[in-house]
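Asker: Sharing input.csv, CSV, C-alpha atoms and all ligand atoms:
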```csv
chain,number,residue,atom,x,y,z
A,1,MET,CA,-24.4,16.8,18.4
A,2,SER,CA,-25.4,13.2,19.2
A,3,ASP,CA,-22.8,10.8,20.7
A,4,ASP,CA,-23.1,8.6,17.6
A,5,ARG,CA,-22.2,11.5,15.3
A,6,GLN,CA,-19.4,12.7,17.6
A,7,GLY,CA,-18.0,9.1,17.6
A,8,GLN,CA,-18.2,9.0,13.8
A,9,MET,CA,-16.4,12.3,13.4
A,10,ARG,CA,-13.7,11.2,15.8
A,11,GLN,CA,-13.2,8.0,13.8
A,12,GLN,CA,-13.0,9.9,10.6
A,13,MET,CA,-10.2,12.2,11.9
A,14,THR,CA,-8.1,9.3,13.1
A,15,VAL,CA,-5.9,6.8,11.2
A,16,PRO,CA,-6.1,3.2,12.3
A,17,THR,CA,-2.7,1.6,13.0
A,18,VAL,CA,-1.9,-1.8,14.4
A,19,ILE,CA,-0.9,-0.2,17.7
A,20,GLY,CA,-4.1,2.0,18.0
A,21,GLU,CA,-5.8,5.0,16.4
A,22,SER,CA,-3.4,7.8,15.5
A,23,HIS,CA,-4.9,11.2,16.1
A,24,GLY,CA,-1.9,13.3,15.4
A,25,ASP,CA,0.8,13.9,12.8
A,26,LEU,CA,2.0,10.7,11.1
A,27,GLY,CA,5.5,12.1,10.3
A,28,THR,CA,7.3,10.7,7.3
A,29,VAL,CA,5.2,8.0,5.7
A,30,LEU,CA,6.2,5.2,3.3
A,31,MET,CA,2.8,4.4,1.7
A,32,HIS,CA,3.6,1.0,0.2
A,33,GLU,CA,5.7,-1.6,2.0
A,34,HIS,CA,5.3,-5.1,3.4
A,35,VAL,CA,6.4,-7.0,6.4
A,36,ALA,CA,5.7,-10.5,5.0
A,37,VAL,CA,4.2,-11.6,1.7
A,38,ARG,CA,3.6,-15.4,1.8
A,39,SER,CA,1.5,-18.3,0.7
A,40,LEU,CA,-0.6,-19.2,3.7
A,41,THR,CA,-1.3,-22.5,2.1
A,42,MET,CA,2.4,-23.4,1.8
A,43,CYS,CA,3.2,-22.0,5.3
A,44,THR,CA,0.4,-24.2,6.8
A,45,ALA,CA,1.6,-27.3,4.9
A,46,PHE,CA,5.4,-27.0,5.4
A,47,GLY,CA,5.9,-24.8,8.4
A,48,LYS,CA,9.5,-23.6,9.0
A,49,ALA,CA,10.8,-25.3,5.8
A,50,TRP,CA,8.8,-22.5,4.1
A,51,TYR,CA,8.6,-19.6,6.6
A,52,ASP,CA,10.2,-18.9,9.9
A,53,GLU,CA,8.1,-16.3,11.6
A,54,GLU,CA,10.6,-15.4,14.3
A,55,GLN,CA,13.4,-14.9,11.7
A,56,VAL,CA,11.0,-12.6,9.7
A,57,PHE,CA,10.1,-10.7,12.9
A,58,ARG,CA,13.7,-10.1,13.8
A,59,LEU,CA,14.7,-8.9,10.3
A,60,ALA,CA,11.6,-6.7,9.9
A,61,VAL,CA,12.3,-5.0,13.3
A,62,GLN,CA,15.9,-4.5,12.5
A,63,ARG,CA,15.2,-3.0,9.1
A,64,LEU,CA,12.3,-0.7,10.3
A,65,THR,CA,14.3,0.4,13.4
A,66,GLU,CA,17.1,1.4,11.0
A,67,ALA,CA,14.6,3.3,8.8
A,68,ARG,CA,13.3,5.2,11.9
A,69,VAL,CA,16.7,6.0,13.5
A,70,ASP,CA,18.7,6.8,10.3
A,71,HIS,CA,16.0,8.4,8.2
A,72,GLY,CA,13.2,9.6,10.5
A,73,ILE,CA,10.6,7.2,8.9
A,74,THR,CA,7.8,7.0,11.5
A,75,THR,CA,4.9,5.4,9.7
A,76,ILE,CA,4.5,2.8,6.9
A,77,VAL,CA,1.5,1.3,5.2
A,78,ASP,CA,1.7,-2.4,4.8
A,79,GLY,CA,0.1,-3.1,1.5
A,80,THR,CA,-0.4,-6.8,1.9
A,81,PRO,CA,-3.9,-7.8,0.9
A,82,LEU,CA,-5.8,-10.5,2.8
A,83,ASP,CA,-4.9,-13.2,0.3
A,84,LEU,CA,-1.1,-12.8,0.5
A,85,GLY,CA,-0.7,-14.2,4.0
A,86,ARG,CA,-1.5,-11.0,5.8
A,87,ASP,CA,-0.7,-11.5,9.5
A,88,VAL,CA,-1.8,-8.6,11.7
A,89,ASP,CA,-0.5,-10.2,14.9
A,90,LEU,CA,3.0,-10.3,13.4
A,91,ILE,CA,2.7,-6.8,12.1
A,92,ARG,CA,1.6,-5.5,15.5
A,93,ARG,CA,4.6,-7.1,17.1
A,94,VAL,CA,6.9,-5.6,14.5
A,95,ALA,CA,5.4,-2.1,15.0
A,96,GLU,CA,5.7,-2.3,18.8
A,97,ALA,CA,9.3,-3.5,18.7
A,98,SER,CA,10.5,-1.1,16.0
A,99,GLY,CA,8.7,2.0,17.1
A,100,VAL,CA,7.3,2.5,13.6
A,101,ARG,CA,3.5,2.9,13.2
A,102,ILE,CA,2.1,0.4,10.7
A,103,VAL,CA,-1.2,0.8,8.8
A,104,VAL,CA,-2.6,-2.4,7.4
A,105,SER,CA,-4.6,-3.0,4.2
A,106,THR,CA,-7.5,-5.1,3.0
A,107,GLY,CA,-8.5,-6.2,-0.5
A,108,PHE,CA,-7.3,-8.8,-3.0
A,109,TYR,CA,-4.2,-9.6,-5.1
A,110,TYR,CA,-4.4,-10.3,-8.8
A,111,SER,CA,-4.3,-14.1,-8.6
A,112,ASP,CA,-7.3,-15.7,-10.4
A,113,GLU,CA,-8.2,-17.7,-7.4
A,114,ALA,CA,-10.9,-20.3,-8.0
A,115,TRP,CA,-13.1,-19.3,-5.2
A,116,LEU,CA,-13.8,-15.9,-6.8
A,117,GLY,CA,-15.9,-17.6,-9.4
A,118,GLY,CA,-19.6,-16.8,-9.2
A,119,LYS,CA,-19.2,-14.4,-6.3
A,120,ASP,CA,-21.2,-11.2,-6.1
A,121,PRO,CA,-18.7,-8.3,-5.7
A,122,ALA,CA,-21.3,-6.4,-3.6
A,123,ARG,CA,-21.3,-9.1,-1.0
A,124,LEU,CA,-17.5,-9.4,-0.9
A,125,ALA,CA,-17.4,-5.6,-0.5
A,126,GLU,CA,-19.6,-5.9,2.6
A,127,LEU,CA,-17.1,-8.3,4.1
A,128,LEU,CA,-14.2,-5.9,3.4
A,129,ALA,CA,-16.1,-3.0,4.8
A,130,GLN,CA,-17.0,-5.0,7.9
A,131,GLU,CA,-13.2,-5.6,8.5
A,132,CYS,CA,-12.7,-1.8,8.2
A,133,SER,CA,-15.4,-0.9,10.7
A,134,GLU,CA,-15.2,-3.8,13.2
A,135,GLY,CA,-11.6,-5.1,13.0
A,136,ILE,CA,-9.8,-8.0,11.3
A,137,ALA,CA,-10.7,-11.5,12.4
A,138,GLY,CA,-11.9,-10.5,15.9
A,139,SER,CA,-9.0,-8.2,16.6
A,140,ASP,CA,-9.3,-4.5,17.2
A,141,VAL,CA,-7.0,-3.8,14.2
A,142,ARG,CA,-8.8,-2.0,11.4
A,143,PRO,CA,-7.4,-1.6,7.8
A,144,GLY,CA,-6.5,1.9,6.8
A,145,MET,CA,-6.0,1.3,3.1
A,146,LEU,CA,-7.7,-0.8,0.4
A,147,LYS,CA,-5.7,-2.8,-2.2
A,148,CYS,CA,-6.6,-4.2,-5.6
A,149,ALA,CA,-4.3,-5.6,-8.3
A,150,THR,CA,-4.3,-6.7,-11.9
A,151,ASN,CA,-1.4,-8.3,-13.7
A,152,THR,CA,-0.4,-8.4,-17.4
A,153,ALA,CA,-3.3,-10.7,-18.2
A,154,GLY,CA,-5.5,-7.6,-17.7
A,155,ILE,CA,-9.1,-7.6,-16.3
A,156,THR,CA,-10.1,-11.3,-16.5
A,157,ASP,CA,-13.6,-12.4,-15.4
A,158,LEU,CA,-12.3,-13.3,-11.9
A,159,ASN,CA,-10.1,-10.3,-11.6
A,160,ARG,CA,-13.1,-8.1,-12.3
A,161,VAL,CA,-14.9,-9.6,-9.3
A,162,ALA,CA,-11.9,-8.8,-7.0
A,163,VAL,CA,-11.3,-5.3,-8.3
A,164,THR,CA,-15.0,-4.4,-8.3
A,165,SER,CA,-15.4,-5.6,-4.7
A,166,VAL,CA,-12.5,-3.4,-3.6
A,167,ALA,CA,-14.0,-0.5,-5.5
A,168,ARG,CA,-17.3,-0.9,-3.8
A,169,ALA,CA,-15.6,-1.2,-0.4
A,170,ALA,CA,-13.9,2.1,-1.2
A,171,VAL,CA,-17.2,3.9,-1.7
A,172,MET,CA,-18.6,2.3,1.5
A,173,THR,CA,-15.6,3.1,3.7
A,174,GLY,CA,-14.1,6.3,2.3
A,175,LEU,CA,-10.7,4.6,2.5
A,176,ALA,CA,-8.1,5.3,-0.2
A,177,VAL,CA,-7.2,2.5,-2.7
A,178,PHE,CA,-3.7,1.4,-3.6
A,179,VAL,CA,-3.9,-0.1,-7.1
A,180,HIS,CA,-1.2,-2.6,-8.0
A,181,SER,CA,-1.0,-2.1,-11.8
A,182,SER,CA,1.0,-4.0,-14.3
A,183,HIS,CA,0.4,-1.1,-16.7
A,184,GLY,CA,0.0,-1.2,-20.4
A,185,GLY,CA,-3.7,-0.8,-20.7
A,186,VAL,CA,-4.2,-2.4,-17.3
A,187,ALA,CA,-4.4,0.8,-15.3
A,188,GLU,CA,-7.1,2.1,-17.6
A,189,GLY,CA,-9.2,-1.0,-17.1
A,190,GLN,CA,-8.8,-0.7,-13.3
A,191,ALA,CA,-9.7,3.0,-13.4
A,192,GLU,CA,-12.8,2.2,-15.5
A,193,ILE,CA,-14.1,-0.2,-12.8
A,194,LEU,CA,-13.2,2.2,-9.9
A,195,GLU,CA,-14.9,5.2,-11.5
A,196,GLY,CA,-17.8,3.0,-12.7
A,197,VAL,CA,-18.9,2.4,-9.1
A,198,GLY,CA,-18.2,6.0,-8.0
A,199,VAL,CA,-14.7,6.0,-6.6
A,200,ASP,CA,-13.2,9.5,-6.7
A,201,PRO,CA,-9.8,9.4,-8.5
A,202,ALA,CA,-8.4,11.7,-5.8
A,203,ARG,CA,-8.7,8.7,-3.4
A,204,VAL,CA,-6.7,6.3,-5.7
A,205,ILE,CA,-3.0,5.7,-5.8
A,206,ILE,CA,-1.9,3.9,-9.0
A,207,GLY,CA,1.1,2.0,-7.7
A,208,HIS,CA,4.3,0.7,-9.3
A,209,SER,CA,4.2,3.7,-11.8
A,210,ALA,CA,8.0,3.8,-11.7
A,211,ALA,CA,7.8,1.0,-14.3
A,212,VAL,CA,5.8,3.2,-16.8
A,213,GLN,CA,8.0,4.8,-19.4
A,214,ASP,CA,5.3,6.8,-21.2
A,215,LEU,CA,5.1,10.2,-19.6
A,216,THR,CA,2.0,11.1,-21.6
A,217,SER,CA,0.1,8.2,-20.0
A,218,LEU,CA,1.3,9.2,-16.5
A,219,ARG,CA,0.2,12.8,-17.1
A,220,GLY,CA,-3.2,11.6,-18.3
A,221,PHE,CA,-3.9,9.9,-14.9
A,222,LEU,CA,-2.6,12.9,-13.0
A,223,GLU,CA,-4.9,15.2,-15.0
A,224,ARG,CA,-7.9,13.0,-14.0
A,225,GLY,CA,-7.0,13.4,-10.3
A,226,TYR,CA,-5.1,10.1,-9.6
A,227,THR,CA,-2.0,9.9,-7.4
A,228,LEU,CA,0.9,8.0,-8.9
A,229,GLY,CA,2.9,5.7,-6.7
A,230,PHE,CA,6.7,5.5,-7.5
A,231,ASP,CA,8.2,2.5,-5.8
A,232,ARG,CA,10.3,-0.6,-6.7
A,233,TRP,CA,13.4,1.5,-7.2
A,234,ARG,CA,15.7,-1.4,-6.9
A,235,VAL,CA,14.9,-2.3,-10.5
A,236,ASN,CA,14.2,1.1,-11.9
A,237,LEU,CA,16.3,4.1,-11.0
A,238,GLN,CA,15.8,5.5,-14.5
A,239,ALA,CA,12.4,6.5,-13.4
A,240,VAL,CA,14.1,9.4,-11.6
A,241,ASP,CA,14.1,11.3,-14.9
A,242,ARG,CA,10.3,10.9,-15.3
A,243,LEU,CA,9.7,11.8,-11.7
A,244,VAL,CA,11.8,15.0,-11.9
A,245,ALA,CA,9.8,16.0,-15.0
A,246,LEU,CA,6.5,15.5,-13.1
A,247,PHE,CA,7.8,17.5,-10.1
A,248,ASP,CA,8.9,20.3,-12.4
A,249,GLU,CA,5.4,20.4,-14.0
A,250,GLY,CA,3.9,21.0,-10.5
A,251,TRP,CA,2.4,17.5,-9.7
A,252,ALA,CA,4.0,17.1,-6.2
A,253,GLY,CA,0.5,17.0,-4.6
A,254,GLN,CA,-0.3,13.8,-6.5
A,255,LEU,CA,2.9,11.9,-6.2
A,256,MET,CA,3.8,9.1,-3.8
A,257,LEU,CA,7.2,7.6,-3.0
A,258,SER,CA,7.9,4.3,-1.4
A,259,ASN,CA,10.0,1.1,-1.7
A,260,ASP,CA,7.6,-1.9,-1.9
A,261,HIS,CA,10.1,-3.7,0.3
A,262,CYS,CA,9.2,-7.0,2.0
A,263,ALA,CA,11.2,-8.5,4.9
A,264,TYR,CA,9.9,-11.9,3.6
A,265,LEU,CA,8.7,-12.6,0.1
A,266,ASP,CA,7.9,-16.0,-1.4
A,267,LEU,CA,6.7,-14.8,-4.8
A,268,GLY,CA,9.0,-15.4,-7.7
A,269,ARG,CA,11.7,-17.1,-5.7
A,270,TRP,CA,12.3,-20.3,-3.8
A,271,PRO,CA,11.9,-19.6,-0.1
A,272,THR,CA,14.1,-21.2,2.5
A,273,PRO,CA,14.5,-19.7,6.0
A,274,GLU,CA,18.0,-18.6,5.1
A,275,GLY,CA,17.7,-17.6,1.5
A,276,SER,CA,14.2,-16.1,1.1
A,277,LEU,CA,14.7,-13.1,3.4
A,278,ASP,CA,15.5,-9.6,2.3
A,279,ASP,CA,16.9,-8.4,-1.0
A,280,GLY,CA,19.4,-6.1,0.8
A,281,ASN,CA,17.6,-2.9,0.0
A,282,GLY,CA,15.5,-2.7,3.1
A,283,TYR,CA,13.0,0.1,3.8
A,284,THR,CA,15.7,2.8,3.3
A,285,HIS,CA,16.6,2.4,-0.4
A,286,LEU,CA,14.4,5.4,-1.3
A,287,HIS,CA,16.1,7.6,1.3
A,288,ARG,CA,19.6,6.3,0.7
A,289,LEU,CA,19.6,6.4,-3.1
A,290,VAL,CA,16.5,8.0,-4.7
A,291,LEU,CA,16.1,11.1,-2.6
A,292,PRO,CA,19.7,12.2,-3.0
A,293,ALA,CA,19.3,11.7,-6.8
A,294,LEU,CA,16.2,13.9,-6.7
A,295,ARG,CA,17.8,16.6,-4.6
A,296,SER,CA,20.8,16.7,-7.0
A,297,ARG,CA,18.3,17.4,-9.8
A,298,GLY,CA,16.8,20.4,-7.9
A,299,ILE,CA,13.8,18.8,-6.1
A,300,ASP,CA,13.8,20.7,-2.8
A,301,ASP,CA,12.8,19.6,0.7
A,302,ALA,CA,9.4,21.3,0.5
A,303,ALA,CA,8.4,19.2,-2.5
A,304,LEU,CA,9.7,16.1,-0.8
A,305,ARG,CA,7.8,16.9,2.4
A,306,THR,CA,4.6,17.3,0.3
A,307,VAL,CA,5.1,13.8,-1.1
A,308,LEU,CA,6.3,12.0,2.1
A,309,HIS,CA,4.2,13.8,4.6
A,310,ASP,CA,1.3,15.9,3.3
A,311,ASN,CA,0.0,13.6,0.7
A,312,PRO,CA,-0.1,10.5,3.0
A,313,GLN,CA,-1.9,12.5,5.8
A,314,ARG,CA,-4.6,13.4,3.2
A,315,LEU,CA,-4.9,10.0,1.7
A,316,LEU,CA,-4.9,8.1,5.0
A,317,ARG,CA,-7.7,10.1,6.5
A,318,PRO,CA,-11.0,8.8,5.1
A,319,ALA,CA,-12.9,10.9,2.6
A,320,GLY,CA,-15.0,13.6,4.3
A,321,ALA,CA,-12.6,13.9,7.2
B,1,ZN,ZN,3.6,-4.3,-2.8
```
Write out the structure in this file as structure tokens.
Answerer:
Amino acid sequence: MSDDRQGQMRQQMTVPTVIGESHGDLGTVLMHEHVAVRSLTMCTAFGKAWYDEEQVFRLAVQRLTEARVDHGITTIVDGTPLDLGRDVDLIRRVAEASGVRIVVSTGFYYSDEAWLGGKDPARLAELLAQECSEGIAGSDVRPGMLKCATNTAGITDLNRVAVTSVARAAVMTGLAVFVHSSHGGVAEGQAEILEGVGVDPARVIIGHSAAVQDLTSLRGFLERGYTLGFDRWRVNLQAVDRLVALFDEGWAGQLMLSNDHCAYLDLGRWPTPEGSLDDGNGYTHLHRLVLPALRSRGIDDAALRTVLHDNPQRLLRPAGA
């Protein structure tokens, strides 16, 4: 076997994290969290009046250390796309200090940003794929997950450019895609774009599915091979009923559990260094409140291991590995 081919195979078997390639077991994985979600424009303009990096660093380390020590969480995927202020240097420092491996993402949020106008998704996909093979902005950190998003406005002309570019990058890289879906008919529109360029539904997580109340719709996506991401429990513990039903029907191999927690978030709230940080739920809300509720409803440890360990290992290893 040629050195090139051996190198390619080794790369396929590994999962890129901010502290280096992981060759072994990733342990318990939370597949959709964030260290910091922020407007880079406002951070640049107003500095610490908007965002205090050292405060965010300390809080993220404290919360992730707690998650590792108290609940055995050893890996998280940071789902921050490149246009929500993704900062791989900060994420690397947090991973090193907390002892939790962090996999970073690339892709685009749902915002109809003006620069998307007139762009060829194929060329944007090449840029995303280049990050995945060569590293982010000159660093040796490679993304291990793709992210696209659509809000309640649905697939607008600009959103179509963003989602299509991520879909094409998924085909090029073999990485899994986390889809931020605001539901209704939105997930169907996203699936149409993804499948249209040849993305295998088995490589796609439809995130924020805890908000979907229609079990028939959820089952429809599972039957087509998609994985459903149940997160954002802080607003939606009623989703436990729907999740238990899906476990009971035998879908554990296509379910994903996480929190979607951010140590810093400037969306939907006024950020001040004191008031913007942390909603009090941390990265342990799932383990403290949701898992006990599932266990009390008869979901056993084997099923939870499938969701928190086996499914992430499969999804984080590029297709073909
Ligand atoms: Zn998120």
Asker: What is the CA of Glu249 in chain A to CA of Val77 in chain A distance in Å?
Answerer: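 We find that CA of Glu249 in chain A and CA of Val77 in chain A lie 27.4 Å from each other.
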Asker: May I have the residues within 8 Å of ligand ZN 1 (chain B), computed using all atoms listed in the file, as number ranges by chain?
Answerer: A: 32-34, 79-80, 180, 260-262
Asker: Write out as an MDAnalysis selection string which residues come within 12 Å of range 46-58 of chain A when counting only C-alpha atoms, dropping same-chain ones fewer than 6 positions away.
Answerer: chainID A and resid 34:40 64:65 85 87 89:98 262:267 269:278
Asker: Restricting the calculation to only C-alpha atoms: of A:Asp310, A:Asp70, A:Asp241, A:Glu113, which residue gets closest to Arg288 in chain A?
Answerer: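 Answer, going by the shortest atom-to-atom distance: A:Asp70.
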Asker: Between A:Asp231, A:Asp200, A:Asp25, A:Glu188, which residue has the minimum interatomic distance to Leu218 in chain A, considering only C-alpha atoms?
Answerer: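 Closest candidate: A:Glu188.
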Asker: Do you know which residues are at most 10 Å from range 122-132 of chain A counting all atoms listed in the file, after dropping those on the same chain fewer than 4 positions away, and could you put them as JSON, numbers by chain?
Answerer: {"A": [16, 82, 105, 106, 107, 108, 116, 136, 137, 138, 139, 140, 141, 142, 143, 144, 145, 146, 161, 162, 163, 164, 165, 166, 167, 168, 169, 170, 171, 172, 173, 174, 175]}
Asker: Env of Tyr226 in chain A: 9 Å cut, atoms = only C-alpha atoms, seq-sep filter 4 positions within chain, self excluded. Answer as a list in words.
Answerer: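 Returned residues: Asp200, Pro201, Ala202, Arg203, Val204, Ile205, Ile206, Phe221, Leu222, Gln254 and Leu255 of chain A.
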Asker: So how far away is CA of Ser133 in chain A from CA of Val18 in chain A, in Å?
Answerer: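 Between CA of Val18 in chain A and CA of Ser133 in chain A the gap is 14.0 Å.
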Asker: Find the residues near Arg232 in chain A: any atom within 12 Å, counting only C-alpha atoms, skip ones fewer than 3 places away on the same chain, and give them as a PyMOL selection string.
Answerer: chain A and resi 32-33+180+207-212+229+235-240+257-262+279+281-286+290
Asker: Would you list the contacts of His71 in chain A as a PyMOL selection string, taking every protein, DNA or RNA residue within 9 Å and counting all atoms listed in the file, but skipping same-chain residues closer than 2 positions in sequence?
Answerer: chain A and resi 66-69+73-74+284+287-288
Asker: Work out how far CA of Asp214 in chain A is from CA of Asp112 in chain A, in Å to one decimal.
Answerer: 28.0 Å
Asker: In file coordinates, which residues lie within 6 Å of (0.5, -0.2, 11.1) using all atoms listed in the file, given as a ChimeraX atom specification?
Answerer: /A:17-18,101-104
Asker: Let me make sure I understand: among A:Cys148, A:Ala176, A:Phe230, A:Asp120, which one has the smallest atom-to-atom distance to Leu316 in chain A if we use only C-alpha atoms?
Answerer: A:Ala176
Asker: Between A:His309, A:Ser111, A:Phe178, A:Gly185, which is the closest to Arg160 in chain A once you count all atoms listed in the file?
Answerer: A:Ser111
Asker: Considering only C-alpha atoms, state which residue in the set A:Tyr109, A:Ala303, A:Met256, A:Ala319 is at the smallest distance from Val199 in chain A.
Answerer: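 Under the stated criterion, the closest residue is A:Ala319.
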Asker: Can you sort out range 208-235 of chain A so it carries N, CA and C atoms, written as a PDB file, in the coordinates of the input?
Answerer:
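Generated file (out12.pdb):
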```pdb
ATOM      1  N   HIS A 208       3.256   1.302  -8.464  1.00  0.00           N
ATOM      2  CA  HIS A 208       4.300   0.700  -9.300  1.00  0.00           C
ATOM      3  C   HIS A 208       4.405   1.516 -10.645  1.00  0.00           C
ATOM      4  N   SER A 209       4.126   2.817 -10.568  1.00  0.00           N
ATOM      5  CA  SER A 209       4.200   3.700 -11.800  1.00  0.00           C
ATOM      6  C   SER A 209       5.629   3.953 -12.199  1.00  0.00           C
ATOM      7  N   ALA A 210       6.607   3.621 -11.335  1.00  0.00           N
ATOM      8  CA  ALA A 210       8.000   3.800 -11.700  1.00  0.00           C
ATOM      9  C   ALA A 210       8.333   2.973 -12.969  1.00  0.00           C
ATOM     10  N   ALA A 211       7.548   1.926 -13.195  1.00  0.00           N
ATOM     11  CA  ALA A 211       7.800   1.000 -14.300  1.00  0.00           C
ATOM     12  C   ALA A 211       7.275   1.590 -15.645  1.00  0.00           C
ATOM     13  N   VAL A 212       6.461   2.626 -15.566  1.00  0.00           N
ATOM     14  CA  VAL A 212       5.800   3.200 -16.800  1.00  0.00           C
ATOM     15  C   VAL A 212       6.736   4.168 -17.456  1.00  0.00           C
ATOM     16  N   GLN A 213       7.075   3.920 -18.715  1.00  0.00           N
ATOM     17  CA  GLN A 213       8.000   4.800 -19.400  1.00  0.00           C
ATOM     18  C   GLN A 213       7.324   5.909 -20.186  1.00  0.00           C
ATOM     19  N   ASP A 214       6.024   5.804 -20.341  1.00  0.00           N
ATOM     20  CA  ASP A 214       5.300   6.800 -21.200  1.00  0.00           C
ATOM     21  C   ASP A 214       4.765   7.917 -20.316  1.00  0.00           C
ATOM     22  N   LEU A 215       5.481   9.052 -20.390  1.00  0.00           N
ATOM     23  CA  LEU A 215       5.100  10.200 -19.600  1.00  0.00           C
ATOM     24  C   LEU A 215       3.711  10.731 -19.919  1.00  0.00           C
ATOM     25  N   THR A 216       3.338  10.612 -21.180  1.00  0.00           N
ATOM     26  CA  THR A 216       2.000  11.100 -21.600  1.00  0.00           C
ATOM     27  C   THR A 216       0.914  10.334 -20.852  1.00  0.00           C
ATOM     28  N   SER A 217       1.099   9.027 -20.725  1.00  0.00           N
ATOM     29  CA  SER A 217       0.100   8.200 -20.000  1.00  0.00           C
ATOM     30  C   SER A 217       0.090   8.591 -18.532  1.00  0.00           C
ATOM     31  N   LEU A 218       1.272   8.787 -17.927  1.00  0.00           N
ATOM     32  CA  LEU A 218       1.300   9.200 -16.500  1.00  0.00           C
ATOM     33  C   LEU A 218       0.613  10.515 -16.304  1.00  0.00           C
ATOM     34  N   ARG A 219       0.888  11.479 -17.176  1.00  0.00           N
ATOM     35  CA  ARG A 219       0.200  12.800 -17.100  1.00  0.00           C
ATOM     36  C   ARG A 219      -1.276  12.681 -17.195  1.00  0.00           C
ATOM     37  N   GLY A 220      -1.714  11.786 -18.074  1.00  0.00           N
ATOM     38  CA  GLY A 220      -3.200  11.600 -18.300  1.00  0.00           C
ATOM     39  C   GLY A 220      -3.854  11.220 -16.982  1.00  0.00           C
ATOM     40  N   PHE A 221      -3.246  10.301 -16.226  1.00  0.00           N
ATOM     41  CA  PHE A 221      -3.900   9.900 -14.900  1.00  0.00           C
ATOM     42  C   PHE A 221      -3.802  11.038 -13.928  1.00  0.00           C
ATOM     43  N   LEU A 222      -2.701  11.791 -13.910  1.00  0.00           N
ATOM     44  CA  LEU A 222      -2.600  12.900 -13.000  1.00  0.00           C
ATOM     45  C   LEU A 222      -3.689  13.966 -13.306  1.00  0.00           C
ATOM     46  N   GLU A 223      -3.892  14.215 -14.591  1.00  0.00           N
ATOM     47  CA  GLU A 223      -4.900  15.200 -15.000  1.00  0.00           C
ATOM     48  C   GLU A 223      -6.310  14.793 -14.577  1.00  0.00           C
ATOM     49  N   ARG A 224      -6.532  13.494 -14.483  1.00  0.00           N
ATOM     50  CA  ARG A 224      -7.900  13.000 -14.000  1.00  0.00           C
ATOM     51  C   ARG A 224      -7.957  12.959 -12.521  1.00  0.00           C
ATOM     52  N   GLY A 225      -6.888  13.312 -11.805  1.00  0.00           N
ATOM     53  CA  GLY A 225      -7.000  13.400 -10.300  1.00  0.00           C
ATOM     54  C   GLY A 225      -6.309  12.280  -9.585  1.00  0.00           C
ATOM     55  N   TYR A 226      -5.774  11.273 -10.292  1.00  0.00           N
ATOM     56  CA  TYR A 226      -5.100  10.100  -9.600  1.00  0.00           C
ATOM     57  C   TYR A 226      -3.797  10.562  -9.008  1.00  0.00           C
ATOM     58  N   THR A 227      -3.388   9.838  -7.966  1.00  0.00           N
ATOM     59  CA  THR A 227      -2.000   9.900  -7.400  1.00  0.00           C
ATOM     60  C   THR A 227      -1.217   8.802  -8.027  1.00  0.00           C
ATOM     61  N   LEU A 228       0.033   9.082  -8.365  1.00  0.00           N
ATOM     62  CA  LEU A 228       0.900   8.000  -8.900  1.00  0.00           C
ATOM     63  C   LEU A 228       1.917   7.598  -7.863  1.00  0.00           C
ATOM     64  N   GLY A 229       1.991   6.297  -7.649  1.00  0.00           N
ATOM     65  CA  GLY A 229       2.900   5.700  -6.700  1.00  0.00           C
ATOM     66  C   GLY A 229       4.225   5.310  -7.386  1.00  0.00           C
ATOM     67  N   PHE A 230       5.337   5.940  -7.005  1.00  0.00           N
ATOM     68  CA  PHE A 230       6.700   5.500  -7.500  1.00  0.00           C
ATOM     69  C   PHE A 230       7.352   4.712  -6.460  1.00  0.00           C
ATOM     70  N   ASP A 231       7.567   3.437  -6.768  1.00  0.00           N
ATOM     71  CA  ASP A 231       8.200   2.500  -5.800  1.00  0.00           C
ATOM     72  C   ASP A 231       9.034   1.531  -6.638  1.00  0.00           C
ATOM     73  N   ARG A 232       9.484   0.459  -6.011  1.00  0.00           N
ATOM     74  CA  ARG A 232      10.300  -0.600  -6.700  1.00  0.00           C
ATOM     75  C   ARG A 232      11.519   0.038  -7.378  1.00  0.00           C
ATOM     76  N   TRP A 233      12.251   0.866  -6.625  1.00  0.00           N
ATOM     77  CA  TRP A 233      13.400   1.500  -7.200  1.00  0.00           C
ATOM     78  C   TRP A 233      14.573   0.613  -7.436  1.00  0.00           C
ATOM     79  N   ARG A 234      14.550  -0.538  -6.743  1.00  0.00           N
ATOM     80  CA  ARG A 234      15.700  -1.400  -6.900  1.00  0.00           C
ATOM     81  C   ARG A 234      15.869  -1.912  -8.332  1.00  0.00           C
ATOM     82  N   VAL A 235      14.805  -1.857  -9.088  1.00  0.00           N
ATOM     83  CA  VAL A 235      14.900  -2.300 -10.500  1.00  0.00           C
ATOM     84  C   VAL A 235      14.805  -1.143 -11.467  1.00  0.00           C
TER      85      VAL A 235
END
```
